[in-house]
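So this one's start_32.txt, compact mmCIF, C-alpha atoms:
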```txt
# COMPACT_ATOMS: atom_id res chain seq x y z
CA MET A 20 -50.88 11.31 -0.44
CA ARG A 21 -48.50 11.48 2.51
CA ASP A 22 -48.64 7.70 2.80
CA LEU A 23 -47.76 7.32 -0.89
CA VAL A 24 -44.82 9.71 -0.47
CA ARG A 25 -43.59 7.80 2.59
CA ARG A 26 -43.89 4.38 0.93
CA THR A 27 -42.16 5.58 -2.23
CA ASP A 28 -39.23 6.94 -0.27
CA ALA A 29 -38.98 3.86 1.96
CA ALA A 30 -39.07 1.44 -0.98
CA THR A 31 -36.28 3.18 -2.90
CA PRO A 32 -32.92 1.41 -2.56
CA ARG A 33 -30.43 3.59 -0.71
CA ASP A 34 -27.83 3.15 -3.43
CA ARG A 35 -30.16 4.34 -6.20
CA ASP A 36 -28.98 7.51 -7.91
CA ARG A 37 -32.16 9.56 -7.86
CA ALA A 38 -30.54 12.28 -9.97
CA VAL A 39 -30.53 9.94 -12.97
CA ASP A 40 -34.30 9.61 -12.71
CA ALA A 41 -34.64 13.37 -12.37
CA LEU A 42 -32.65 13.92 -15.56
CA ARG A 43 -34.85 11.43 -17.42
CA ALA A 44 -37.98 13.18 -16.16
CA PHE A 45 -36.55 16.56 -17.19
CA ALA A 46 -35.78 15.27 -20.67
CA ILE A 47 -39.28 13.86 -21.18
CA LEU A 48 -40.96 17.01 -19.87
CA GLY A 49 -38.77 19.13 -22.12
CA VAL A 50 -39.92 17.24 -25.20
CA VAL A 51 -43.57 17.35 -24.15
CA CYS A 52 -43.65 21.05 -23.28
CA GLY A 53 -41.60 21.90 -26.36
CA HIS A 54 -44.06 20.16 -28.67
CA TRP A 55 -47.01 21.80 -26.96
CA LEU A 56 -45.44 25.25 -27.35
CA VAL A 57 -44.27 25.02 -30.97
CA THR A 58 -47.16 23.05 -32.48
CA ALA A 59 -50.35 24.70 -33.71
CA LEU A 60 -53.22 23.09 -35.61
CA VAL A 61 -54.82 25.76 -37.79
CA PRO A 62 -58.13 25.12 -39.62
CA ASP A 63 -58.23 26.51 -43.14
CA SER A 64 -60.84 25.90 -45.85
CA GLY A 65 -62.08 22.60 -44.48
CA THR A 66 -58.72 21.14 -43.56
CA VAL A 67 -56.34 21.40 -40.64
CA HIS A 68 -52.62 21.99 -41.09
CA GLY A 69 -49.71 22.27 -38.72
CA ALA A 70 -47.93 25.54 -38.01
CA SER A 71 -45.14 26.70 -35.75
CA PRO A 72 -44.62 30.01 -33.93
CA LEU A 73 -40.91 29.68 -34.73
CA GLN A 74 -41.79 30.10 -38.39
CA HIS A 75 -43.53 33.44 -37.78
CA MET A 76 -41.48 34.63 -34.79
CA PRO A 77 -37.84 33.53 -35.29
CA GLU A 78 -36.87 35.63 -32.30
CA LEU A 79 -38.33 32.83 -30.16
CA ALA A 80 -35.54 30.45 -31.23
CA PRO A 81 -33.98 30.54 -27.72
CA VAL A 82 -37.10 28.77 -26.45
CA SER A 83 -35.95 25.69 -28.37
CA TRP A 84 -32.69 25.72 -26.40
CA VAL A 85 -34.62 24.99 -23.23
CA PHE A 86 -37.01 22.36 -24.54
CA GLN A 87 -34.85 20.39 -26.99
CA THR A 88 -33.63 17.91 -24.36
CA LEU A 89 -33.09 14.70 -26.36
CA ALA A 90 -29.33 14.70 -25.68
CA VAL A 91 -30.02 14.41 -21.96
CA PHE A 92 -32.35 11.49 -22.61
CA PHE A 93 -29.67 9.67 -24.63
CA LEU A 94 -27.08 10.47 -21.95
CA VAL A 95 -29.27 8.81 -19.31
CA GLY A 96 -30.20 6.02 -21.72
CA GLY A 97 -26.56 5.16 -22.33
CA GLN A 98 -25.81 5.19 -18.61
CA VAL A 99 -28.77 3.00 -17.69
CA ALA A 100 -28.26 0.55 -20.57
CA ALA A 101 -24.54 0.11 -19.89
CA LYS A 102 -25.12 -0.47 -16.18
CA GLY A 103 -28.06 -2.75 -16.86
CA TYR A 104 -26.15 -4.87 -19.35
CA ALA A 105 -23.17 -5.17 -17.01
CA SER A 106 -25.52 -6.27 -14.21
CA ALA A 107 -27.22 -8.78 -16.51
CA ARG A 108 -23.86 -10.31 -17.43
CA THR A 109 -22.94 -10.55 -13.75
CA ARG A 110 -26.19 -12.44 -13.11
CA GLY A 111 -25.42 -14.77 -15.98
CA GLU A 112 -28.23 -13.44 -18.15
CA SER A 113 -27.76 -13.70 -21.90
CA TYR A 114 -27.58 -10.71 -24.24
CA GLY A 115 -30.74 -11.88 -26.00
CA GLY A 116 -32.72 -12.12 -22.78
CA TRP A 117 -31.55 -8.71 -21.60
CA LEU A 118 -32.37 -7.09 -24.95
CA ARG A 119 -35.80 -8.72 -25.26
CA ALA A 120 -36.75 -7.44 -21.82
CA ARG A 121 -35.66 -3.88 -22.58
CA LEU A 122 -37.31 -3.71 -26.00
CA ALA A 123 -40.54 -5.20 -24.68
CA ARG A 124 -40.78 -2.41 -22.13
CA LEU A 125 -40.11 0.07 -24.91
CA PHE A 126 -42.40 -1.18 -27.66
CA ARG A 127 -45.38 -2.62 -25.78
CA PRO A 128 -46.86 0.88 -25.23
CA VAL A 129 -45.85 1.83 -28.80
CA ALA A 130 -48.00 -0.99 -30.17
CA VAL A 131 -50.98 0.38 -28.24
CA VAL A 132 -50.73 3.97 -29.45
CA THR A 133 -50.10 2.77 -33.01
CA GLY A 134 -53.16 0.52 -32.92
CA VAL A 135 -55.41 3.18 -31.43
CA TRP A 136 -54.38 5.77 -34.00
CA ALA A 137 -54.64 3.33 -36.91
CA VAL A 138 -58.26 2.76 -35.95
CA ALA A 139 -58.81 6.49 -35.38
CA ALA A 140 -57.37 7.36 -38.80
CA GLY A 141 -59.58 4.76 -40.46
CA VAL A 142 -62.67 6.09 -38.71
CA MET A 143 -61.86 9.70 -39.67
CA LEU A 144 -61.33 8.80 -43.31
CA ALA A 145 -64.51 6.71 -43.41
CA SER A 146 -66.51 9.57 -41.90
CA GLY A 147 -65.32 12.02 -44.55
CA VAL A 148 -62.57 13.90 -42.75
CA ASP A 149 -60.22 15.56 -45.21
CA ASP A 150 -57.12 13.52 -46.13
CA GLY A 151 -54.84 16.46 -45.35
CA THR A 152 -56.26 16.74 -41.85
CA VAL A 153 -55.75 13.04 -41.17
CA ARG A 154 -52.16 13.27 -42.43
CA ALA A 155 -51.46 16.34 -40.27
CA LEU A 156 -52.82 14.65 -37.14
CA GLY A 157 -51.09 11.36 -37.87
CA LYS A 158 -47.78 13.12 -38.42
CA LEU A 159 -48.02 14.73 -34.99
CA VAL A 160 -48.53 11.35 -33.34
CA TRP A 161 -46.20 9.15 -35.35
CA SER A 162 -43.29 11.39 -36.33
CA PRO A 163 -41.83 11.52 -32.77
CA LEU A 164 -41.55 7.72 -32.86
CA TRP A 165 -38.37 8.00 -34.97
CA PHE A 166 -36.51 8.72 -31.78
CA LEU A 167 -37.63 5.41 -30.25
CA LEU A 168 -36.29 3.50 -33.25
CA VAL A 169 -32.90 5.18 -32.85
CA PHE A 170 -32.94 4.56 -29.11
CA ALA A 171 -33.81 0.88 -29.66
CA ALA A 172 -30.97 0.51 -32.18
CA LEU A 173 -28.44 2.08 -29.81
CA THR A 174 -29.73 -0.09 -26.97
CA ALA A 175 -29.23 -3.20 -29.10
CA ALA A 176 -25.68 -2.02 -29.89
CA THR A 177 -24.79 -1.37 -26.24
CA PRO A 178 -22.24 -4.23 -25.99
CA LEU A 179 -20.44 -2.79 -29.04
CA VAL A 180 -20.59 0.92 -28.24
CA ALA A 181 -20.37 0.91 -24.44
CA ARG A 182 -16.62 1.57 -24.58
CA LEU A 183 -16.62 3.70 -27.73
CA HIS A 184 -15.13 7.15 -27.14
CA PRO A 185 -17.68 9.90 -27.95
CA LEU A 186 -15.10 11.66 -30.14
CA TRP A 187 -15.45 8.95 -32.81
CA PRO A 188 -19.14 9.52 -33.61
CA LEU A 189 -18.61 13.28 -33.15
CA THR A 190 -15.93 13.14 -35.84
CA VAL A 191 -18.34 11.30 -38.15
CA VAL A 192 -20.91 14.08 -37.69
CA LEU A 193 -18.26 16.71 -38.38
CA TYR A 194 -17.17 15.14 -41.67
CA VAL A 195 -20.72 14.38 -42.82
CA ASP A 196 -21.71 18.03 -42.32
CA LEU A 197 -18.51 19.29 -43.90
CA PHE A 198 -19.10 17.20 -47.00
CA ARG A 199 -22.86 17.68 -47.41
CA LEU A 200 -23.04 21.37 -46.40
CA GLY A 201 -19.56 22.70 -47.09
CA PHE A 202 -18.95 20.88 -50.37
CA ASP A 203 -22.56 20.46 -51.55
CA GLY A 204 -22.49 16.69 -51.12
CA PRO A 205 -25.65 14.53 -51.30
CA ALA A 206 -28.21 15.61 -48.74
CA ALA A 207 -28.97 11.95 -48.01
CA LEU A 208 -25.60 11.67 -46.27
CA GLY A 209 -27.11 13.63 -43.41
CA TRP A 210 -29.05 10.58 -42.30
CA ILE A 211 -25.78 9.04 -41.12
CA ASN A 212 -25.99 11.64 -38.38
CA VAL A 213 -29.21 10.15 -37.03
CA ALA A 214 -27.12 7.30 -35.60
CA ALA A 215 -23.80 9.08 -35.17
CA GLY A 216 -25.27 12.24 -33.65
CA TRP A 217 -27.23 10.54 -30.88
CA LEU A 218 -24.44 8.04 -30.33
CA VAL A 219 -22.35 10.92 -28.92
CA PRO A 220 -24.43 11.49 -25.73
CA TYR A 221 -25.20 7.75 -25.55
CA CYS A 222 -21.46 6.98 -25.38
CA LEU A 223 -21.04 9.71 -22.77
CA GLY A 224 -23.69 7.94 -20.71
CA ALA A 225 -21.89 4.63 -21.07
CA ALA A 226 -18.65 6.29 -19.91
CA TRP A 227 -20.57 7.69 -16.93
CA ALA A 228 -21.74 4.15 -16.10
CA ARG A 229 -18.11 2.97 -16.05
CA GLY A 230 -17.28 5.58 -13.42
CA GLY A 231 -16.11 8.33 -15.74
CA LEU A 232 -17.37 11.93 -15.97
CA ASN A 233 -17.39 12.22 -12.17
CA ASP A 234 -15.19 15.31 -11.88
CA ARG A 235 -16.75 18.71 -12.32
CA ARG A 236 -14.03 19.76 -14.74
CA THR A 237 -15.45 17.36 -17.34
CA GLY A 238 -18.89 18.91 -16.91
CA TRP A 239 -17.50 22.41 -17.39
CA VAL A 240 -15.51 21.39 -20.47
CA LEU A 241 -18.63 19.90 -22.05
CA LEU A 242 -20.81 22.88 -21.12
CA VAL A 243 -18.44 25.68 -22.12
CA GLY A 244 -16.93 23.88 -25.11
CA GLY A 245 -20.29 22.71 -26.43
CA ALA A 246 -21.99 26.08 -25.94
CA GLY A 247 -19.09 28.01 -27.47
CA THR A 248 -18.86 25.74 -30.49
CA THR A 249 -22.61 25.89 -31.05
CA ALA A 250 -22.59 29.67 -30.89
CA GLY A 251 -19.78 29.79 -33.43
CA LEU A 252 -21.59 27.42 -35.79
CA VAL A 253 -24.78 29.50 -35.59
CA LEU A 254 -23.08 32.90 -35.90
CA PHE A 255 -20.42 32.12 -38.49
CA ALA A 256 -21.22 28.83 -40.23
CA GLY A 257 -24.86 29.35 -41.21
CA TYR A 258 -26.51 26.83 -38.90
CA PRO A 259 -30.04 27.71 -37.72
CA ALA A 260 -30.44 29.17 -34.25
CA SER A 261 -33.46 26.97 -33.55
CA MET A 262 -32.61 23.53 -32.20
CA VAL A 263 -35.88 22.10 -33.50
CA GLY A 264 -37.26 21.93 -37.01
CA VAL A 265 -39.01 25.02 -38.40
CA PRO A 266 -41.47 24.65 -41.32
CA GLY A 267 -40.10 26.25 -44.47
CA SER A 268 -36.52 26.41 -43.18
CA ALA A 269 -33.82 25.41 -45.67
CA LEU A 270 -31.90 23.53 -42.96
CA SER A 271 -33.07 21.82 -39.80
CA ASN A 272 -30.79 21.15 -36.86
CA LEU A 273 -32.79 18.10 -35.91
CA ASP A 274 -33.99 16.40 -39.09
CA PRO A 275 -31.36 15.01 -39.45
CA PRO A 276 -29.12 16.12 -36.56
CA THR A 277 -26.44 18.61 -37.49
CA LEU A 278 -23.07 19.28 -35.91
CA ALA A 279 -24.66 22.27 -34.14
CA ALA A 280 -27.33 20.04 -32.59
CA VAL A 281 -24.69 17.59 -31.39
CA THR A 282 -22.43 20.25 -29.86
CA PHE A 283 -25.49 21.83 -28.25
CA GLY A 284 -26.27 18.39 -26.82
CA LEU A 285 -22.75 18.20 -25.39
CA ALA A 286 -23.40 21.50 -23.61
CA GLN A 287 -26.64 20.09 -22.20
CA CYS A 288 -24.86 16.94 -21.03
CA GLY A 289 -22.24 19.09 -19.30
CA ALA A 290 -24.95 21.09 -17.53
CA ALA A 291 -26.69 17.87 -16.49
CA LEU A 292 -23.49 16.47 -14.98
CA LEU A 293 -22.84 19.72 -13.10
CA LEU A 294 -26.34 19.60 -11.61
CA LEU A 295 -26.05 16.06 -10.25
CA GLY A 296 -24.99 17.10 -6.76
CA ARG A 297 -27.81 19.60 -6.34
CA LEU A 298 -30.34 17.14 -7.72
CA ARG A 299 -29.25 14.44 -5.28
CA ARG A 300 -29.60 16.81 -2.35
CA ALA A 301 -32.99 18.06 -3.51
CA LEU A 302 -34.33 14.55 -4.13
CA ALA A 303 -33.53 13.54 -0.59
CA ARG A 304 -36.87 15.23 0.13
CA PRO A 305 -39.47 12.44 -0.05
CA ALA A 306 -42.21 14.57 -1.63
CA LEU A 307 -40.05 15.73 -4.52
CA TRP A 308 -38.68 12.24 -5.06
CA ALA A 309 -42.21 10.80 -5.18
CA VAL A 310 -43.10 13.16 -8.03
CA VAL A 311 -39.99 12.16 -10.00
CA ALA A 312 -40.51 8.45 -9.32
CA LEU A 313 -44.14 8.50 -10.45
CA LEU A 314 -43.29 10.46 -13.58
CA ASN A 315 -40.61 7.93 -14.49
CA LEU A 316 -43.12 5.13 -14.08
CA SER A 317 -45.18 6.73 -16.85
CA ALA A 318 -42.39 8.31 -18.90
CA MET A 319 -43.10 6.33 -22.07
CA THR A 320 -46.86 6.80 -21.78
CA VAL A 321 -46.41 10.55 -21.33
CA PHE A 322 -44.14 10.72 -24.37
CA LEU A 323 -46.38 8.61 -26.61
CA TRP A 324 -49.70 10.27 -25.74
CA HIS A 325 -48.82 13.93 -25.24
CA GLN A 326 -49.57 14.84 -28.87
CA THR A 327 -52.86 12.96 -28.64
CA ALA A 328 -53.78 15.15 -25.67
CA LEU A 329 -53.09 18.26 -27.75
CA ILE A 330 -55.16 16.90 -30.64
CA VAL A 331 -58.10 15.97 -28.40
CA VAL A 332 -58.23 19.42 -26.82
CA THR A 333 -57.82 21.20 -30.16
CA SER A 334 -60.43 19.18 -32.04
CA THR A 335 -62.98 19.18 -29.19
CA ALA A 336 -62.70 22.92 -28.67
CA LEU A 337 -63.03 23.55 -32.42
CA PHE A 338 -66.18 21.41 -32.56
CA LEU A 339 -67.79 22.98 -29.49
CA ALA A 340 -66.72 26.62 -29.71
CA GLY A 341 -65.07 27.29 -33.06
CA PRO A 342 -61.59 28.76 -33.53
CA LEU A 343 -60.03 29.93 -30.25
CA PRO A 344 -56.91 32.07 -29.63
CA GLY A 345 -53.76 30.10 -28.93
CA LEU A 346 -55.37 26.90 -30.12
CA HIS A 347 -56.60 27.33 -33.69
CA THR A 348 -55.26 30.73 -34.69
CA VAL A 349 -52.09 31.31 -36.72
CA PRO A 350 -49.12 31.51 -34.28
CA ASP A 351 -47.81 34.83 -35.54
CA GLY A 352 -47.65 37.11 -32.52
CA PRO A 353 -47.11 37.43 -28.76
CA GLY A 354 -50.86 37.13 -28.18
CA TRP A 355 -50.76 33.57 -29.47
CA VAL A 356 -47.89 32.72 -27.11
CA PHE A 357 -49.70 33.99 -24.02
CA ALA A 358 -52.91 32.29 -25.05
CA ARG A 359 -51.07 29.00 -25.67
CA LEU A 360 -49.53 29.14 -22.19
CA GLY A 361 -53.07 29.20 -20.81
CA TRP A 362 -53.91 25.99 -22.70
CA LEU A 363 -50.98 24.00 -21.29
CA PRO A 364 -52.82 22.97 -18.09
CA VAL A 365 -55.72 21.74 -20.24
CA PHE A 366 -53.34 19.62 -22.33
CA ALA A 367 -51.81 18.26 -19.13
CA SER A 368 -55.22 17.33 -17.72
CA VAL A 369 -56.13 15.34 -20.83
CA LEU A 370 -52.70 13.71 -20.78
CA LEU A 371 -53.41 12.53 -17.23
CA VAL A 372 -56.56 10.86 -18.54
CA CYS A 373 -54.50 9.16 -21.26
CA ARG A 374 -52.02 8.07 -18.63
CA SER A 375 -54.81 6.53 -16.56
CA ALA A 376 -56.21 4.72 -19.60
CA PHE A 377 -52.99 3.45 -21.16
CA GLY A 378 -50.31 3.62 -18.46
CA ALA A 379 -50.82 -0.04 -17.54
CA TYR A 380 -49.27 -1.14 -20.84
CA GLU A 381 -45.98 0.46 -19.82
CA GLN A 382 -45.56 -1.90 -16.87
CA ARG A 383 -43.98 -5.30 -17.03
CA GLY A 384 -46.40 -7.96 -18.24
CA GLY A 385 -48.71 -5.36 -19.74
CA GLY A 386 -50.21 -4.33 -16.42
CA GLY A 387 -49.63 -1.76 -13.77
CA SER A 388 -50.58 -3.97 -10.84
CA THR A 389 -47.00 -4.12 -9.58
CA VAL A 390 -47.43 -0.72 -8.01
CA VAL A 391 -50.76 -1.58 -6.50
CA ARG A 392 -49.72 -4.92 -5.04
CA SER A 393 -46.38 -3.82 -3.64
CA GLY A 394 -47.39 -0.27 -2.79
CA SER A 395 -43.96 0.67 -4.13
CA PRO A 396 -43.75 2.92 -7.17
CA ALA A 397 -40.01 3.19 -6.70
CA ARG A 398 -39.48 -0.57 -6.79
CA ALA A 399 -41.60 -0.92 -9.92
CA GLN A 400 -39.70 1.95 -11.45
CA GLU A 401 -36.39 0.32 -10.73
CA SER A 402 -37.35 -2.90 -12.49
CA HIS A 403 -38.82 -0.90 -15.36
CA HIS A 404 -35.63 0.99 -16.11
CA ALA A 405 -32.89 -1.41 -15.03
```
Could you take the file, read its structure, and then write that structure out as structure tokens?
Amino acid sequence: MRDLVRRTDAATPRDRDRAVDALRAFAILGVVCGHWLVTALVPDSGTVHGASPLQHMPELAPVSWVFQTLAVFFLVGGQVAAKGYASARTRGESYGGWLRARLARLFRPVAVVTGVWAVAAGVMLASGVDDGTVRALGKLVWSPLWFLLVFAALTAATPLVARLHPLWPLTVVLYVDLFRLGFDGPAALGWINVAAGWLVPYCLGAAWARGGLNDRRTGWVLLVGGAGTTAGLVLFAGYPASMVGVPGSALSNLDPPTLAAVTFGLAQCGAALLLLGRLRRALARPALWAVVALLNLSAMTVFLWHQTALIVVTSTALFLAGPLPGLHTVPDGPGWVFARLGWLPVFASVLLVCRSAFGAYEQRGGGGSTVVRSGSPARAQESHHA
């Protein structure tokens, strides 16, 4: 282990901003832990359906403020894509070549999880598993993939949006919400915000790549302004307090993104920028950097398979032991929350198995041998995210 830590630190270029990798890791872990905490699979009369503790305990809405970290991911994505495209142009690489390389790294592991679950769904249906159960499980696995489609579209548009001021897409979100919510306009207009809403932090990331956002005042303006605006929208404009979807809610902040979700994301981006200095100092420690580097190597695998880990644990335990607290029971009280916290290490253990089985597809060329041959997780990571 010490040797791995030493080699990872030694192989990392001295000019690499380790804080960027830490923010990406934080964003991925936020999504994973958030899904594990707000997703329950409850058996009922021969079928399994999804449930959320936020539906039964709305007082837990502040939990979603911690784990809804997609804005940070798009901030980092915009920064990395803008820098990567600029570097590719300097090397004389074409836009098409740059884009193909980035999308291949993104969608190769997606093809694997999609194929595995298509086969699994077919087997379940053929063996007599209830249609509703198959739909509930499939939704858990496939519904998070929407975010990858948006991310791929923004990546493809990087040459066009890299210099776009974030206020432009923010204004679009404002007017879309004003028209559809304030003046009872068509609900379908909200889907414009899927692109416009996530374009806001993506454009912030591109500005960061150009050398902007480096003064702490910008971070404070984003944090205080975003948090204050979000609070006002929740308290006085009728937006939900939860920053994730809640079953049965009349309005979701995330599906599609609302103005409150976007301003909340601005606050998160401000906090991320303010933490850069502390992160850089902390990640000078080789052991901590090794953890971040290795997590980034498997970031896509972790994201794609974390719901599968939850499903495997839930279904196996139900088959072997019957309904268990925090796993199969209705999430309607504090007891469920404490029991669910005890299951998180089990989910993580199964996710590690998934990572071992499928992590190779995340590496260039469909294999993970780069790390083994070079002994350099950091170098492989750099090529993976450049």
**Request:** Find, counting all atoms listed in the file, the residue in A:Ala340, A:Ala44, A:Val349, A:Leu56 that gets nearest to Leu363 (chain A).
**Result:**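 Checking each candidate against Leu363 (chain A), we get A:Leu56 as the closest.
The two atoms in question, CA of Arg33 (chain A) and CA of Leu223 (chain A), are spaced 24.7 Å apart.
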Do a neighbour search on Val192 (chain A) at 8 Å with all atoms listed in the file, toss out local chain neighbours closer than 4 positions, and write the hits as an mmCIF file with C-alpha atoms, in the coordinates of the input.
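Listed below is the output, result28.cif:
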```
data_model
loop_
_atom_site.group_PDB
_atom_site.id
_atom_site.type_symbol
_atom_site.label_atom_id
_atom_site.label_comp_id
_atom_site.auth_asym_id
_atom_site.auth_seq_id
_atom_site.Cartn_x
_atom_site.Cartn_y
_atom_site.Cartn_z
ATOM 1 C CA PRO A 188 -19.140 9.520 -33.610
ATOM 2 C CA ASP A 196 -21.710 18.030 -42.320
ATOM 3 C CA ILE A 211 -25.780 9.040 -41.120
ATOM 4 C CA ASN A 212 -25.990 11.640 -38.380
ATOM 5 C CA ALA A 215 -23.800 9.080 -35.170
ATOM 6 C CA GLY A 216 -25.270 12.240 -33.650
ATOM 7 C CA THR A 277 -26.440 18.610 -37.490
ATOM 8 C CA LEU A 278 -23.070 19.280 -35.910
#
```
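Using only C-alpha atoms, the shortest contact distance between Val57 (chain A) and any of A:Gln326, A:Thr190, A:Thr27, A:Thr248 is found at A:Gln326.
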**Length of the CA of Ala376 (chain A) to CA of His325 (chain A) vector [Å]** =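 Separating CA of Ala376 (chain A) from CA of His325 (chain A) is a distance of 13.1 Å.
If you count all atoms listed in the file and ignore residues fewer than 6 places along the chain from Arg21 (chain A), what sits within 10 Å of it is Thr27, Pro305, Ala306 and Ala309 of chain A.
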**Request:** Kindly indicate which residue among A:Leu292, A:Val129, A:Ala80, A:Ala90 lies nearest to Gly231 (chain A), using all atoms listed in the file for the distances.
**Result:**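 Counting all atoms listed in the file, the residue closest to Gly231 (chain A) is A:Leu292.
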**Fill in**
Counting all atoms listed in the file, closest pick from A:Ala105, A:Ala286, A:Leu168, A:Leu316 relative to Leu122 (chain A) is A:Leu168
Using all atoms listed in the file, collect all residues at a distance of at most 10 Å from (-40.6, 6.7, -24.7) as written in the file, then present them as a compact mmCIF listing (two decimals) with C-alpha atoms, keeping the file's coordinate frame.
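Dumped to selection-v4.txt:
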```txt
# COMPACT_ATOMS: atom_id res chain seq x y z
CA ILE A 47 -39.28 13.86 -21.18
CA PHE A 92 -32.35 11.49 -22.61
CA ARG A 124 -40.78 -2.41 -22.13
CA LEU A 125 -40.11 0.07 -24.91
CA PHE A 126 -42.40 -1.18 -27.66
CA PRO A 128 -46.86 0.88 -25.23
CA VAL A 129 -45.85 1.83 -28.80
CA PRO A 163 -41.83 11.52 -32.77
CA LEU A 164 -41.55 7.72 -32.86
CA PHE A 166 -36.51 8.72 -31.78
CA LEU A 167 -37.63 5.41 -30.25
CA PHE A 170 -32.94 4.56 -29.11
CA SER A 317 -45.18 6.73 -16.85
CA ALA A 318 -42.39 8.31 -18.90
CA MET A 319 -43.10 6.33 -22.07
CA THR A 320 -46.86 6.80 -21.78
CA VAL A 321 -46.41 10.55 -21.33
CA PHE A 322 -44.14 10.72 -24.37
CA LEU A 323 -46.38 8.61 -26.61
CA TRP A 324 -49.70 10.27 -25.74
CA GLU A 381 -45.98 0.46 -19.82
```
**Item:** Pick from A:Ala269, A:Thr327, A:Leu307, A:Ser113 nearest to Val160 (chain A), counting only C-alpha atoms
**Value:** A:Thr327
**Item:** Distance criterion (all atoms listed in the file): nearest to Asp234 (chain A) out of A:Leu295, A:Leu285, A:Ala140, A:Ala250
**Value:**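 Between A:Leu295, A:Leu285, A:Ala140, A:Ala250, the residue approaching Asp234 (chain A) most closely is A:Leu295.
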**Prompt:** Do you know which residues are at most 12 Å from Trp355 (chain A) counting only C-alpha atoms, after dropping those on the same chain fewer than 6 positions away, and could you put them as a PyMOL selection string?
**Reply:** chain A and resi 56-59+71-73+75-76+343-349+361-362
**Message:** Between CA of Leu189 (chain A) and CA of Leu173 (chain A), what distance in Å does the model show, to one decimal?
**Reply:** 15.3 Å
**Message:** Quick one: residues within 7 Å of region 298-301 of chain A, only C-alpha atoms, excluding same-chain residues fewer than 4 positions away - as a ChimeraX atom specification?
**Reply:** /A:37-38,294
**Item:** Spatial sel., origin (-15.8, 20.7, -41.7), limit 12 Å, all atoms listed in the file, listed as a ChimeraX atom specification
**Value:** /A:189-203,252,256,277-279
For the residues selected in the previous step, produce a file with C-alpha atoms as a PDB file, in the frame of the given file.
```pdb
ATOM      1  CA  LEU A 189     -18.610  13.280 -33.150  1.00  0.00           C
ATOM      2  CA  THR A 190     -15.930  13.140 -35.840  1.00  0.00           C
ATOM      3  CA  VAL A 191     -18.340  11.300 -38.150  1.00  0.00           C
ATOM      4  CA  VAL A 192     -20.910  14.080 -37.690  1.00  0.00           C
ATOM      5  CA  LEU A 193     -18.260  16.710 -38.380  1.00  0.00           C
ATOM      6  CA  TYR A 194     -17.170  15.140 -41.670  1.00  0.00           C
ATOM      7  CA  VAL A 195     -20.720  14.380 -42.820  1.00  0.00           C
ATOM      8  CA  ASP A 196     -21.710  18.030 -42.320  1.00  0.00           C
ATOM      9  CA  LEU A 197     -18.510  19.290 -43.900  1.00  0.00           C
ATOM     10  CA  PHE A 198     -19.100  17.200 -47.000  1.00  0.00           C
ATOM     11  CA  ARG A 199     -22.860  17.680 -47.410  1.00  0.00           C
ATOM     12  CA  LEU A 200     -23.040  21.370 -46.400  1.00  0.00           C
ATOM     13  CA  GLY A 201     -19.560  22.700 -47.090  1.00  0.00           C
ATOM     14  CA  PHE A 202     -18.950  20.880 -50.370  1.00  0.00           C
ATOM     15  CA  ASP A 203     -22.560  20.460 -51.550  1.00  0.00           C
ATOM     16  CA  LEU A 252     -21.590  27.420 -35.790  1.00  0.00           C
ATOM     17  CA  ALA A 256     -21.220  28.830 -40.230  1.00  0.00           C
ATOM     18  CA  THR A 277     -26.440  18.610 -37.490  1.00  0.00           C
ATOM     19  CA  LEU A 278     -23.070  19.280 -35.910  1.00  0.00           C
ATOM     20  CA  ALA A 279     -24.660  22.270 -34.140  1.00  0.00           C
TER      21      ALA A 279
END
```
